[in-house]
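Shown below: final.csv, with CSV, C-alpha atoms.
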chain,number,residue,atom,x,y,z
D,11,MET,CA,-28.2,-4.7,17.9
D,12,VAL,CA,-26.2,-7.9,18.7
D,13,LYS,CA,-23.5,-8.1,21.3
D,14,THR,CA,-20.0,-7.4,20.1
D,15,ALA,CA,-18.2,-10.7,19.4
D,16,LYS,CA,-14.6,-11.4,20.4
D,17,LYS,CA,-12.3,-12.1,17.5
D,18,VAL,CA,-9.1,-14.0,17.0
D,19,ASN,CA,-7.0,-13.0,13.9
D,20,MET,CA,-4.6,-15.4,12.4
D,21,PHE,CA,-2.9,-13.3,9.8
D,22,ARG,CA,0.7,-12.5,8.8
D,23,LEU,CA,3.0,-13.2,11.7
D,24,ALA,CA,0.6,-15.9,13.0
D,25,LEU,CA,1.1,-17.8,9.8
D,26,ARG,CA,4.8,-18.3,10.8
D,27,ARG,CA,3.9,-20.0,14.1
D,28,GLY,CA,1.7,-22.7,12.5
D,29,ILE,CA,2.9,-26.0,11.2
D,30,LYS,CA,3.0,-26.3,7.4
D,31,TYR,CA,3.4,-29.0,4.8
D,32,ARG,CA,4.7,-28.1,1.3
D,33,MET,CA,3.5,-24.5,1.7
D,34,GLU,CA,6.0,-21.7,1.2
D,35,LEU,CA,5.9,-18.6,3.4
D,36,THR,CA,6.5,-15.4,1.3
D,37,ASP,CA,8.4,-12.3,2.4
D,38,ASP,CA,5.1,-10.5,3.1
D,39,ASP,CA,3.9,-13.4,5.3
D,40,ARG,CA,1.5,-15.3,3.1
D,41,LEU,CA,1.4,-19.1,2.6
D,42,CYS,CA,1.5,-20.0,-1.1
D,43,GLY,CA,1.7,-23.2,-3.1
D,44,PHE,CA,1.9,-24.2,-6.8
D,45,GLY,CA,1.2,-27.3,-8.8
D,46,GLY,CA,-0.6,-30.5,-7.9
D,47,GLY,CA,-0.5,-32.6,-4.8
D,48,TYR,CA,-1.4,-32.1,-1.1
D,49,PHE,CA,-0.6,-29.0,1.0
D,50,ALA,CA,-1.6,-28.4,4.6
D,51,TRP,CA,-1.2,-25.9,7.4
D,52,LEU,CA,-2.2,-26.3,11.1
D,53,ALA,CA,-2.8,-23.0,12.8
D,54,PRO,CA,-1.4,-22.3,16.3
D,55,VAL,CA,-4.0,-23.2,19.0
D,56,PHE,CA,-6.1,-20.4,20.4
D,57,ASP,CA,-7.0,-20.5,24.1
D,58,SER,CA,-10.4,-18.8,24.8
D,59,MET,CA,-9.8,-19.2,28.5
D,60,ASP,CA,-13.4,-20.4,28.8
D,61,GLN,CA,-14.0,-24.0,29.7
D,62,GLY,CA,-16.8,-25.4,27.6
D,63,GLY,CA,-16.9,-22.2,25.5
D,64,THR,CA,-18.9,-21.8,22.3
D,65,TRP,CA,-17.8,-20.5,18.9
D,66,HIS,CA,-19.6,-18.4,16.3
D,67,ARG,CA,-18.0,-17.9,12.9
D,68,LEU,CA,-14.8,-18.4,10.9
D,69,ARG,CA,-13.9,-16.4,7.8
D,70,LEU,CA,-11.0,-17.4,5.5
D,71,ALA,CA,-9.0,-15.0,3.4
D,72,GLY,CA,-7.0,-16.2,0.4
D,73,ILE,CA,-7.0,-16.9,-3.3
D,74,PHE,CA,-7.4,-20.5,-4.6
D,75,GLU,CA,-7.2,-21.2,-8.4
D,76,ASN,CA,-7.8,-24.6,-9.9
D,77,CYS,CA,-7.6,-26.4,-6.6
D,78,LYS,CA,-9.8,-27.6,-3.7
D,79,TYR,CA,-9.3,-26.4,-0.2
D,80,GLU,CA,-10.7,-27.9,3.0
D,81,VAL,CA,-11.2,-26.3,6.4
D,82,LEU,CA,-11.3,-28.5,9.5
D,83,ALA,CA,-12.1,-26.7,12.8
D,84,ALA,CA,-12.3,-28.4,16.1
D,85,ALA,CA,-12.7,-27.3,19.7
D,86,ALA,CA,-11.8,-29.2,22.9
D,87,ASP,CA,-11.4,-28.6,26.6
D,88,ALA,CA,-8.3,-30.8,26.5
D,89,ASP,CA,-5.0,-29.3,25.6
D,90,LEU,CA,-3.8,-31.2,22.5
D,91,ARG,CA,-0.6,-29.3,21.9
D,92,GLU,CA,1.6,-32.3,22.6
D,93,GLU,CA,-0.2,-34.4,19.9
D,94,MET,CA,-0.6,-31.6,17.4
D,95,GLU,CA,3.1,-30.6,17.6
D,96,ASP,CA,4.3,-34.2,17.3
D,97,GLY,CA,6.5,-34.3,14.2
D,98,GLY,CA,6.0,-38.0,13.8
D,99,LEU,CA,2.3,-37.7,13.0
D,100,THR,CA,1.1,-36.8,9.5
D,101,PHE,CA,-1.6,-34.2,8.9
D,102,PRO,CA,-4.3,-36.9,8.2
D,103,GLN,CA,-3.4,-38.5,11.6
D,104,LYS,CA,-3.7,-35.2,13.4
D,105,ALA,CA,-7.0,-34.6,11.7
D,106,GLU,CA,-8.3,-37.9,13.1
D,107,ILE,CA,-7.3,-36.9,16.6
D,108,LEU,CA,-9.2,-33.6,16.2
D,109,LYS,CA,-12.3,-35.5,15.0
D,110,GLN,CA,-12.5,-37.2,18.4
D,111,TYR,CA,-13.9,-33.9,19.8
D,112,SER,CA,-16.5,-31.4,18.5
D,113,TRP,CA,-15.5,-30.6,14.9
D,114,ILE,CA,-16.8,-29.2,11.6
D,115,ARG,CA,-15.4,-29.6,8.1
D,116,ARG,CA,-16.2,-27.5,5.0
D,117,VAL,CA,-14.9,-27.7,1.4
D,118,ASN,CA,-14.3,-24.6,-0.8
D,119,THR,CA,-16.1,-22.4,1.8
D,120,ASP,CA,-14.5,-19.2,3.1
D,121,ASP,CA,-17.3,-18.2,5.5
D,122,MET,CA,-18.6,-20.9,7.9
D,123,LEU,CA,-20.5,-21.1,11.2
D,124,LEU,CA,-18.9,-22.8,14.2
D,125,HIS,CA,-22.1,-23.2,16.2
D,126,GLU,CA,-21.5,-27.0,16.6
D,127,LEU,CA,-18.1,-26.5,18.4
D,128,THR,CA,-17.8,-26.5,22.1
D,129,GLY,CA,-14.5,-26.3,24.0
D,130,ARG,CA,-11.9,-24.0,25.4
D,131,TYR,CA,-9.2,-24.6,22.7
D,132,LEU,CA,-9.8,-23.9,19.0
D,133,TRP,CA,-7.8,-25.8,16.3
D,134,VAL,CA,-8.0,-25.0,12.6
D,135,MET,CA,-6.4,-27.1,9.9
D,136,ILE,CA,-6.4,-26.0,6.2
D,137,SER,CA,-5.5,-28.4,3.5
D,138,VAL,CA,-5.3,-27.8,-0.2
D,139,SER,CA,-5.3,-30.3,-3.1
D,140,GLY,CA,-3.9,-29.1,-6.4
D,141,ALA,CA,-5.8,-30.4,-9.4
D,142,ALA,CA,-3.1,-29.7,-12.1
D,143,ALA,CA,0.3,-28.3,-12.7
D,144,ASP,CA,-1.2,-24.8,-13.0
D,145,SER,CA,-2.9,-24.9,-9.7
D,146,ARG,CA,-2.0,-22.1,-7.3
D,147,PHE,CA,-3.1,-20.6,-4.0
D,148,CYS,CA,-2.2,-17.9,-1.6
D,149,LEU,CA,-3.5,-18.1,2.0
D,150,GLU,CA,-3.6,-14.8,3.9
D,151,GLY,CA,-5.1,-16.2,7.1
D,152,PHE,CA,-8.5,-16.4,8.9
D,153,GLN,CA,-10.6,-14.7,11.6
D,154,ALA,CA,-12.6,-16.6,14.2
D,155,GLU,CA,-15.4,-15.1,16.3
D,156,PHE,CA,-16.6,-16.3,19.7
D,157,PRO,CA,-18.8,-16.9,21.7
D,158,TRP,CA,-21.9,-18.2,19.9
D,159,GLN,CA,-24.6,-15.6,19.4
D,160,SER,CA,-27.8,-15.5,17.4
D,161,PHE,CA,-30.5,-13.1,16.4
D,162,SER,CA,-33.0,-15.7,17.7
D,163,GLU,CA,-32.1,-14.4,21.2
D,164,TYR,CA,-34.0,-11.3,20.3
D,165,LEU,CA,-37.2,-13.1,19.2
D,166,PRO,CA,-40.0,-14.6,21.4
D,167,GLU,CA,-39.1,-17.6,23.4
D,168,ILE,CA,-41.0,-20.0,21.1
D,169,TYR,CA,-38.3,-19.4,18.5
D,170,GLN,CA,-35.6,-20.4,20.9
D,171,GLU,CA,-36.9,-23.8,22.0
D,172,GLU,CA,-35.0,-25.8,19.4
D,173,GLY,CA,-31.7,-24.4,20.7
D,174,ARG,CA,-28.3,-23.9,19.1
D,175,ASN,CA,-27.6,-25.3,15.6
D,176,SER,CA,-31.3,-25.9,14.7
D,177,PHE,CA,-32.6,-25.2,11.2
D,178,PHE,CA,-34.2,-21.9,12.3
D,179,GLU,CA,-31.1,-20.8,14.1
D,180,ARG,CA,-29.0,-21.5,11.0
D,181,TYR,CA,-31.5,-19.7,8.9
D,182,MET,CA,-31.3,-16.6,11.1
D,183,ALA,CA,-27.5,-16.9,11.1
D,184,ALA,CA,-27.5,-16.2,7.3
D,185,LEU,CA,-29.3,-12.9,7.9
D,186,GLN,CA,-27.2,-12.2,10.9
D,187,SER,CA,-24.0,-12.6,8.9
D,188,MET,CA,-25.2,-10.1,6.3
D,189,TYR,CA,-26.1,-7.6,9.0
D,190,GLU,CA,-22.8,-8.1,10.8
D,191,ASP,CA,-20.8,-7.6,7.6
D,192,LEU,CA,-22.7,-4.4,6.8
D,193,GLU,CA,-22.3,-3.2,10.4
D,194,LYS,CA,-18.6,-3.8,10.1
D,195,GLU,CA,-18.3,-1.7,6.9
D,196,VAL,CA,-20.1,1.1,8.7
D,197,ASP,CA,-17.8,0.9,11.6
D,198,HIS,CA,-14.8,1.2,9.3
D,199,ILE,CA,-16.0,4.2,7.4
D,200,PRO,CA,-13.6,6.5,9.4
D,201,GLU,CA,-10.7,4.3,8.2
D,202,TYR,CA,-11.9,4.5,4.6
D,203,LEU,CA,-11.9,8.3,4.8
D,204,ASP,CA,-8.5,8.4,6.5
D,205,TYR,CA,-6.0,9.1,3.6
D,206,GLU,CA,-3.2,7.6,5.7
D,207,LEU,CA,-4.9,4.3,6.3
D,208,THR,CA,-7.2,3.8,3.3
D,209,SER,CA,-6.4,1.5,0.4
D,210,GLU,CA,-4.8,2.9,-2.8
D,211,GLU,CA,-7.9,2.7,-4.9
D,212,ASN,CA,-9.7,5.1,-2.6
D,213,LEU,CA,-7.1,7.8,-3.0
D,214,HIS,CA,-8.2,8.6,-6.5
D,215,ALA,CA,-11.7,9.0,-5.3
D,216,PHE,CA,-10.4,11.5,-2.7
D,217,SER,CA,-8.7,13.5,-5.4
D,218,GLU,CA,-12.0,13.7,-7.4
D,219,TRP,CA,-13.8,14.9,-4.3
D,220,THR,CA,-11.3,17.7,-3.8
D,221,GLY,CA,-11.2,19.0,-7.3
D,222,GLY,CA,-10.0,16.2,-9.6
D,223,TRP,CA,-6.3,17.4,-9.4
D,224,ALA,CA,-5.0,13.9,-10.0
D,225,ARG,CA,-7.0,13.3,-13.2
D,226,ASP,CA,-4.7,12.2,-16.1
D,227,ARG,CA,-1.7,12.3,-13.7
D,228,GLU,CA,0.5,9.3,-12.9
D,229,PHE,CA,0.8,9.8,-9.2
D,230,THR,CA,2.1,7.0,-6.9
D,231,SER,CA,0.1,6.2,-3.8
D,232,GLY,CA,2.8,8.0,-1.7
D,233,GLN,CA,2.5,11.1,-3.8
D,234,LEU,CA,-1.3,11.1,-3.5
D,235,ARG,CA,-1.1,10.9,0.2
D,236,GLU,CA,1.5,13.7,0.4
D,237,VAL,CA,-0.7,16.0,-1.7
D,238,ILE,CA,-3.8,15.3,0.3
D,239,ARG,CA,-1.9,15.9,3.5
D,240,ASN,CA,-0.9,19.3,2.3
D,241,LEU,CA,-3.8,20.1,0.1
D,242,GLN,CA,-5.0,23.2,1.9
D,243,ARG,CA,-1.5,24.8,1.7
D,244,ILE,CA,-1.1,23.7,-2.0
D,245,GLN,CA,-4.5,25.0,-3.1
D,246,SER,CA,-4.2,28.3,-1.2
D,247,GLY,CA,-0.6,28.8,-2.4
D,248,ARG,CA,-1.2,27.8,-6.0
D,249,GLY,CA,1.0,30.0,-8.3
D,250,THR,CA,3.6,30.8,-5.7
D,251,LYS,CA,7.2,29.8,-5.9
D,252,SER,CA,7.3,27.8,-2.7
D,253,VAL,CA,4.4,25.6,-3.7
D,254,MET,CA,5.8,25.1,-7.2
D,255,ARG,CA,9.2,24.1,-5.8
D,256,ASP,CA,7.5,21.6,-3.5
D,257,MET,CA,5.4,20.1,-6.3
D,258,VAL,CA,8.5,19.8,-8.6
D,259,TYR,CA,10.3,18.0,-5.8
D,260,LEU,CA,7.3,15.7,-5.3
D,261,VAL,CA,7.2,14.5,-8.9
D,262,THR,CA,10.9,14.6,-9.7
D,263,GLY,CA,12.7,14.1,-6.4
D,264,ARG,CA,14.9,17.0,-7.3
D,265,GLU,CA,15.2,20.6,-5.9
D,266,ALA,CA,14.2,23.3,-8.4
D,267,ARG,CA,15.3,26.9,-8.7
D,268,ILE,CA,12.7,29.4,-10.0
D,269,ILE,CA,14.0,32.5,-11.7
D,270,GLU,CA,11.6,35.3,-12.5
D,271,TYR,CA,12.2,37.7,-15.4
D,272,PHE,CA,12.8,40.9,-13.5
D,273,LYS,CA,15.4,39.2,-11.2
D,274,TRP,CA,17.9,38.5,-14.0
D,275,HIS,CA,17.0,41.1,-16.7
D,276,ASP,CA,17.5,44.2,-14.6
D,277,TRP,CA,20.8,43.0,-13.4
D,278,MET,CA,21.9,41.8,-16.9
D,279,LYS,CA,21.4,45.3,-18.4
D,280,LYS,CA,24.8,46.1,-17.0
D,281,SER,CA,26.4,43.4,-19.2
D,282,LYS,CA,24.7,43.7,-22.6
D,283,GLY,CA,27.1,41.3,-24.2
D,284,LEU,CA,25.6,38.4,-22.4
D,285,LEU,CA,22.0,39.7,-22.6
D,286,GLU,CA,21.2,37.7,-25.8
D,287,GLU,CA,22.5,34.5,-24.2
D,288,TYR,CA,20.5,34.9,-21.1
D,289,GLU,CA,17.4,35.6,-23.1
D,290,ARG,CA,17.9,32.3,-24.9
D,291,LEU,CA,18.1,30.6,-21.4
D,292,PHE,CA,15.4,32.5,-19.5
D,293,GLY,CA,13.2,33.9,-22.2
D,294,LYS,CA,12.7,37.3,-23.7
D,295,ARG,CA,9.2,38.1,-22.4
D,296,GLU,CA,8.4,39.7,-19.1
D,297,ASP,CA,5.6,37.2,-18.5
D,298,THR,CA,8.0,34.2,-18.5
D,299,PHE,CA,9.6,32.6,-15.5
D,300,THR,CA,12.1,29.7,-15.6
D,301,VAL,CA,12.3,26.5,-13.6
D,302,LEU,CA,15.8,25.2,-13.3
D,303,ILE,CA,16.2,21.5,-12.4
D,304,ASP,CA,19.7,20.1,-11.7
D,305,MET,CA,19.8,16.7,-13.4
D,306,ALA,CA,23.0,15.8,-11.5
D,307,ASP,CA,21.0,15.4,-8.3
D,308,PRO,CA,19.6,11.9,-7.7
D,309,GLY,CA,15.9,11.6,-8.4
D,310,MET,CA,13.2,10.0,-10.4
D,311,GLU,CA,13.1,9.7,-14.2
D,312,ILE,CA,11.6,12.8,-15.7
D,313,SER,CA,9.4,13.2,-18.9
D,314,GLU,CA,9.8,16.8,-20.0
D,315,GLU,CA,6.4,16.8,-21.7
D,316,LYS,CA,4.6,15.5,-18.6
D,317,LEU,CA,6.5,17.9,-16.3
D,318,ARG,CA,5.5,20.9,-18.5
D,319,ARG,CA,1.9,19.8,-18.5
D,320,PHE,CA,2.1,19.3,-14.7
D,321,LEU,CA,3.5,22.8,-14.1
D,322,GLU,CA,0.8,24.4,-16.2
D,323,ASP,CA,-1.6,23.6,-13.3
D,324,PHE,CA,0.5,25.7,-10.9
D,325,THR,CA,1.4,28.5,-13.3
D,326,PRO,CA,-0.4,31.9,-12.6
D,327,LEU,CA,-2.9,33.1,-15.2
D,328,GLY,CA,-1.2,35.0,-17.9
D,329,MET,CA,2.3,33.7,-17.2
D,330,CYS,CA,4.5,31.3,-19.2
D,331,CYS,CA,6.6,28.6,-17.6
D,332,ASN,CA,10.1,27.8,-19.1
D,333,VAL,CA,11.7,24.5,-18.0
D,334,VAL,CA,15.5,24.1,-18.2
D,335,PHE,CA,17.3,20.9,-17.3
D,336,LEU,CA,20.8,21.4,-16.1
D,337,ASP,CA,23.3,18.6,-16.8
D,338,TRP,CA,27.0,18.1,-16.4
D,339,ASN,CA,29.2,19.1,-19.4
D,340,SER,CA,32.9,18.4,-19.9
D,341,HIS,CA,35.2,20.6,-22.0
D,342,MET,CA,38.4,18.8,-23.1
D,343,ASP,CA,41.2,19.3,-25.6
D,344,THR,CA,41.5,17.3,-28.8
D,345,HIS,CA,40.7,13.9,-27.2
D,346,CYS,CA,37.4,12.9,-25.6
D,347,TYR,CA,36.3,9.5,-24.3
D,348,LEU,CA,32.8,10.5,-23.2
D,349,ASP,CA,29.7,9.5,-25.0
D,350,GLN,CA,27.6,12.6,-24.3
D,351,ASN,CA,27.7,16.1,-22.8
D,352,SER,CA,31.2,16.7,-24.0
D,353,CYS,CA,32.8,19.4,-26.2
D,354,LEU,CA,36.2,19.4,-28.0
D,355,SER,CA,38.2,22.6,-28.0
D,356,VAL,CA,41.7,23.8,-28.7
D,357,PRO,CA,43.3,25.4,-25.7
D,358,GLU,CA,44.6,28.9,-26.2
D,359,PHE,CA,47.6,30.6,-24.7
D,360,GLY,CA,47.0,33.2,-22.1
D,361,ASP,CA,49.3,36.2,-21.4
D,362,ALA,CA,50.0,36.4,-17.7
D,363,GLY,CA,52.9,38.8,-18.0
D,364,GLY,CA,53.2,41.3,-15.2
D,365,VAL,CA,50.7,39.6,-12.9
D,366,VAL,CA,51.8,39.6,-9.3
D,367,LEU,CA,50.8,36.6,-7.2
D,368,SER,CA,52.4,38.0,-4.1
D,369,GLU,CA,55.3,40.2,-3.2
D,370,ASN,CA,57.7,37.3,-3.9
D,371,TYR,CA,56.3,35.8,-7.1
D,372,ILE,CA,55.8,37.5,-10.5
D,373,LEU,CA,54.6,35.8,-13.7
D,374,GLY,CA,56.0,36.8,-17.1
Would you encode the structure as C-alpha cells?
Amino acid sequence: MVKTAKKVNMFRLALRRGIKYRMELTDDDRLCGFGGGYFAWLAPVFDSMDQGGTWHRLRLAGIFENCKYEVLAAAADADLREEMEDGGLTFPQKAEILKQYSWIRRVNTDDMLLHELTGRYLWVMISVSGAAADSRFCLEGFQAEFPWQSFSEYLPEIYQEEGRNSFFERYMAALQSMYEDLEKEVDHIPEYLDYELTSEENLHAFSEWTGGWARDREFTSGQLREVIRNLQRIQSGRGTKSVMRDMVYLVTGREARIIEYFKWHDWMKKSKGLLEEYERLFGKREDTFTVLIDMADPGMEISEEKLRRFLEDFTPLGMCCNVVFLDWNSHMDTHCYLDQNSCLSVPEFGDAGGVVLSENYILG
C-alpha cells in the first residue's frame, strides 16, 4: 500500500565505527555496559545524498535493565563530522551542537518517529544512565527509515492540509507503524520457512510438522538443520544400514560398523570353538544386528541409554539392535600403571623350534 522506504542499518560492524564512552564492544559486536554512571555512543554519520531530505522512523534494538537510555537524533544539511569527531569535546557538548539543527529526543523509547527532522546527514547519539551497581545493558544497533511517508497521503486532501508532524498525521503514523511491521513479517515468511536461515526455536516446529522426529531428543541446532536437509533420504531409507550409519555419526561424531547376523554366523560355523564368544558379542538370535562404535575415534560424549533409544527409531520392525562400544585395551605382564582397560597376564614360553625364517636363519 505504502511506498517502500529506504533503510539504513547500524548493527554489528557499524557499532565499531562509532565513538563510544565507557561502553565495551563484545566479540559478537554488541555494545555493553554494567553498573552505574554515564555511558554514550555516537553512531557514524549517514549521508542520504538528499539535500533537505526528510526522515521517517527509527527503531532501536537492545536490552536495558535497571537503567535509563536516551536517543538523540538530529539531521542537518551541513557536514558536522569535524565537530563530532573532535576528541576534545565531551558527549554533552556534541549534543548541544546537534541541537542547533532539527533534532528529536526520546527517553526509554525504542520506536520513534523522525518526522520533525530535515537534512541530508543523520546523526544518532545514544546515552545510558545506570541507576545502580546491578544496572546492565546490551545495545545491538538501530534501523532508520527515510524519506518521510504517511498514510494521510492516501486520504482526501482535506486531511493533508495540516501537513507533516500534525496531530492527525502522528495519529495515522501509529496505525501505519502497525501495518508496516505486519507487512514486514509477511515479507519475511520465506526466511522463517527456510531451515538454513530461520532461528533455532523455529527448527523444533519444523520437526513437528514433518513427523515429530525430534520430540524428546536432545538435538543441537546444527543437527536439526542437517536432518531437515536430508529428511527425504532419511525417511525413505529408514531401516537401512546407510541411513543408520549416517544417523549414528550425526549424534556421536563417530563412524559405525553394522554387522548383520548372517554375515558372521555362516562364516563362524567353520570355527565352532569361537562361536560361543561371537554369540556373546553379536547375539544368538537371527533377528539381531550389531552396531559397533569405535570409542578411540574423536567424537562427542555418548550416553548408551540415549543412543539405544535413538536407534530404536531406525530399527526395522521385528529386529533387535545390539550396540557395542569398542575401546582400547592393554595386556601387560605383572606390572601395570594404567587406571582402566588393562589386564595383567603371565607371559608363556613359545616353542619355535624348527621354524625357518629364511634359507639362512632357523630358530631352535
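Closest approach to D:Leu149 among D:Leu82, D:Cys42, D:Val237, D:Ala88: D:Cys42, based on all atoms listed in the file.
The shortest atom-to-atom distance to D:Asp96, with all atoms listed in the file taken into account, belongs to D:Ile29 out of D:Met254, D:Met305, D:Ala15, D:Ile29.
Of the residues under consideration (D:Leu123, D:Trp158, D:Gln245, D:Tyr164), D:Leu123 shows the shortest atom-to-atom contact distance to D:Ser187 when counting only C-alpha atoms.
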Show me the residues around (11.9, 29.5, -5.1) - criterion: an atom at most 9 Å away, only C-alpha atoms counted - as a PDB file with C-alpha atoms, in the coordinates of the input.
ATOM      1  CA  THR D 250       3.600  30.800  -5.700  1.00  0.00           C
ATOM      2  CA  LYS D 251       7.200  29.800  -5.900  1.00  0.00           C
ATOM      3  CA  SER D 252       7.300  27.800  -2.700  1.00  0.00           C
ATOM      4  CA  VAL D 253       4.400  25.600  -3.700  1.00  0.00           C
ATOM      5  CA  MET D 254       5.800  25.100  -7.200  1.00  0.00           C
ATOM      6  CA  ARG D 255       9.200  24.100  -5.800  1.00  0.00           C
ATOM      7  CA  ALA D 266      14.200  23.300  -8.400  1.00  0.00           C
ATOM      8  CA  ARG D 267      15.300  26.900  -8.700  1.00  0.00           C
ATOM      9  CA  ILE D 268      12.700  29.400 -10.000  1.00  0.00           C
ATOM     10  CA  ILE D 269      14.000  32.500 -11.700  1.00  0.00           C
TER      11      ILE D 269
END
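Counting from atom CA of D:Pro166, the distance to atom CA of D:Thr64 is 22.3 Å.
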Would you please work out which residue, of D:Phe101, D:Arg67, D:Ala85, D:Glu34, is nearest to D:Ala184 when using all atoms listed in the file? D:Arg67
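In this model, the gap between atom CA of D:Gly45 and atom CA of D:Cys77 comes to 9.1 Å.
Proximity of D:Ile107, D:Cys148, D:Leu234, D:Ala24 to D:Leu41, computed with only C-alpha atoms, is greatest for D:Cys148.
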